[in-house]
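Heads up: the structure comes next, in structure tokens.
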Amino acid sequence: MKLPPLATLRYFDLAARLESFVRAAEQLHVTHGAVSRQVRLLEEDLGVALFERRNRAVHLTRAGRDLHDTTRAIFEQLEDSVQRLRQPPHDNVLVLSCEPTIAMRWLIPRLPRFHAAHPDVQLHLVAAGGPVDFARGGIDLALRRDDFEWDRQLHSLKICDEWIGPVRTPGATGERLLHSTTRPSAWATWQRLGGQTPSYPSRSDFEHFYLSIQAASAGLGLAMASALMVSDELHSTQLEAPFGFLRDGSSYHLLSPQPLHDNGKRQRFADWVTNECQVCLTQLGLGQNVAPPHVR
């Protein structure tokens with residue numbers, strides 16, 4: 001099927017958007033008559049009236065509204081594509097998708113050190129968990145725990161093991177175990193690994209892992225936590241880990257559709273975050289084989 005000339009569709013779309021041939025002519029830097037002629041040509045090509053002309057005003061007909069719904073979407077997409085093409089590539093921008101809890105409780109407090117070490121890299125942080133649509137989200141890297149199956153064609157780098165253990169505020173008297181929906185088997189995993197679980201008479205349930213840790217910080221009871229996520233509170237003695245930490249068999253990984261060892265922004269972030277994790281776990285006294293009986 002032969003389409004009408006693109007110019008007629010463009011003139012029509014702008015006139016329909018503005019509901020005025022005069023204002024469309026001003027934006028196109030042409031005469032009112034030029035707009036009117038292009039619209040008339042389009043109407044003759046299609047065999048339908050697109051505008052009702054009343055004195056000096058114009059109003060879309062039903063056919064005009066139907067066509068404008070299409071032309072508006074097409075020209076908006078075209079304008080967006082042209083704008084992106086005209087913008088220079090931002091090679092210094094790194095878009096990182098990170099699980100919300102590790103982002104809020106561990107990564108964000110350390111980002112000033114990354115910016116100081118790599119001032120030329122502009123990091124954009126997106127909080128998300130689970131599978132990653134790198135192309136649709138414009139994501140460069142994703143920091144994830146390996147609790148789901150990802151596409152094995154992705155490039156991946158293990159950052160560190162996950163260490164878990166119960167935490168509470170020092171001197172807390174609340175006899176309550178705190179559970180979370182996002183890690184429902186955390187306490188069962190702890191028991192399976194041989195960890196000591198107090199026989200508290202009460203329990204509270206929270207929607208997210210982050211909320212159960214926050215509840216422990218508020219003195220509501222004993223929550224299962226990731227050592228990384230509570231490392232700052234352990235060092236400041238806001239929290240204590242009365243039974244230490246154990247590796248639960250999972251680990252954190254960086255995922256990327258492109259090679260991580262590219263001597264570019266991906267490798268620079270990978271090296272930095274790996275070092276930060278190692279330093280953090282070392283400060284907590286967590287090695288690769290055994291966990292200390294008590295971590296404060």
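Following the order of the structure tokens, chains are lettered A, B, ..., residues in each are numbered from 1, and ligands are numbered from 1.
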
- [ ] Tell me which protein, DNA and RNA residues are within 12 Å of Val279 (chain A), counting only C-alpha atoms, leaving out same-chain ones fewer than 4 positions away, and put them as a ChimeraX atom specification.
- [x] /A:110,159-160,228,231,272-275,283-287

- [ ] as a ChimeraX atom specification, list the residues of region 26-213 of chain A assigned to helix (DSSP H, G or I) by DSSP on the backbone atoms of this structure.
- [x] /A:26-28,32-46,62-86,100-117,134-137,186-192,209-213

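Each of A:Phe12, A:His235, A:Val30, A:Leu125 was checked against Ala49 (chain A) using only C-alpha atoms; the smallest atom-to-atom distance is that of A:Phe12.
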
Open item on the list: Which residues are close to Phe114 (chain A), i.e. within 12 Å by only C-alpha atoms, leaving aside same-chain residues fewer than 3 positions away? Reply as a PyMOL selection string.
Closed with: chain A and resi 107-111+117-123+265+268-276

Task: Pick from A:Gly219, A:Ile139, A:Ala225, A:His115 nearest to Ile164 (chain A), counting only C-alpha atoms - done: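 Among the listed residues, A:Ala225 lies closest to Ile164 (chain A).
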
Using only C-alpha atoms, I'd like a table of the residues in region 220-262 of chain A that come within 9 Å of region 191-211 of chain A; for each, show the closest atom pair and its distance in Å rounded to one decimal, ordered by chain and ascending number, as a Markdown table.
```
| residue | atom | partner | partner_atom | distance |
| --- | --- | --- | --- | --- |
| A:Leu220 | CA | A:Ser204 | CA | 8.8 |
| A:Gly221 | CA | A:Arg203 | CA | 8.5 |
| A:Met224 | CA | A:Phe209 | CA | 8.5 |
| A:Ala225 | CA | A:Phe209 | CA | 7.9 |
| A:Met229 | CA | A:Tyr210 | CA | 8.8 |
| A:Phe243 | CA | A:Gln196 | CA | 6.9 |
| A:Gly244 | CA | A:Gly195 | CA | 8.7 |
| A:Phe245 | CA | A:Gly195 | CA | 8.4 |
| A:Leu246 | CA | A:Leu193 | CA | 7.4 |
| A:Arg247 | CA | A:Leu193 | CA | 8.3 |
| A:Asp248 | CA | A:Leu193 | CA | 7.3 |
```

- [ ] Go ahead and compute the interatomic distance for CA of His253 (chain A) and CA of Arg113 (chain A), in Å to one decimal.
- [x]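 Separation of CA of His253 (chain A) and CA of Arg113 (chain A): 20.4 Å.
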
- [ ] Would you mind reading off the distance between CA of Gly138 (chain A) and CA of Arg266 (chain A), one decimal, in Å?
- [x]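 Distance reported for this atom pair: 14.0 Å.
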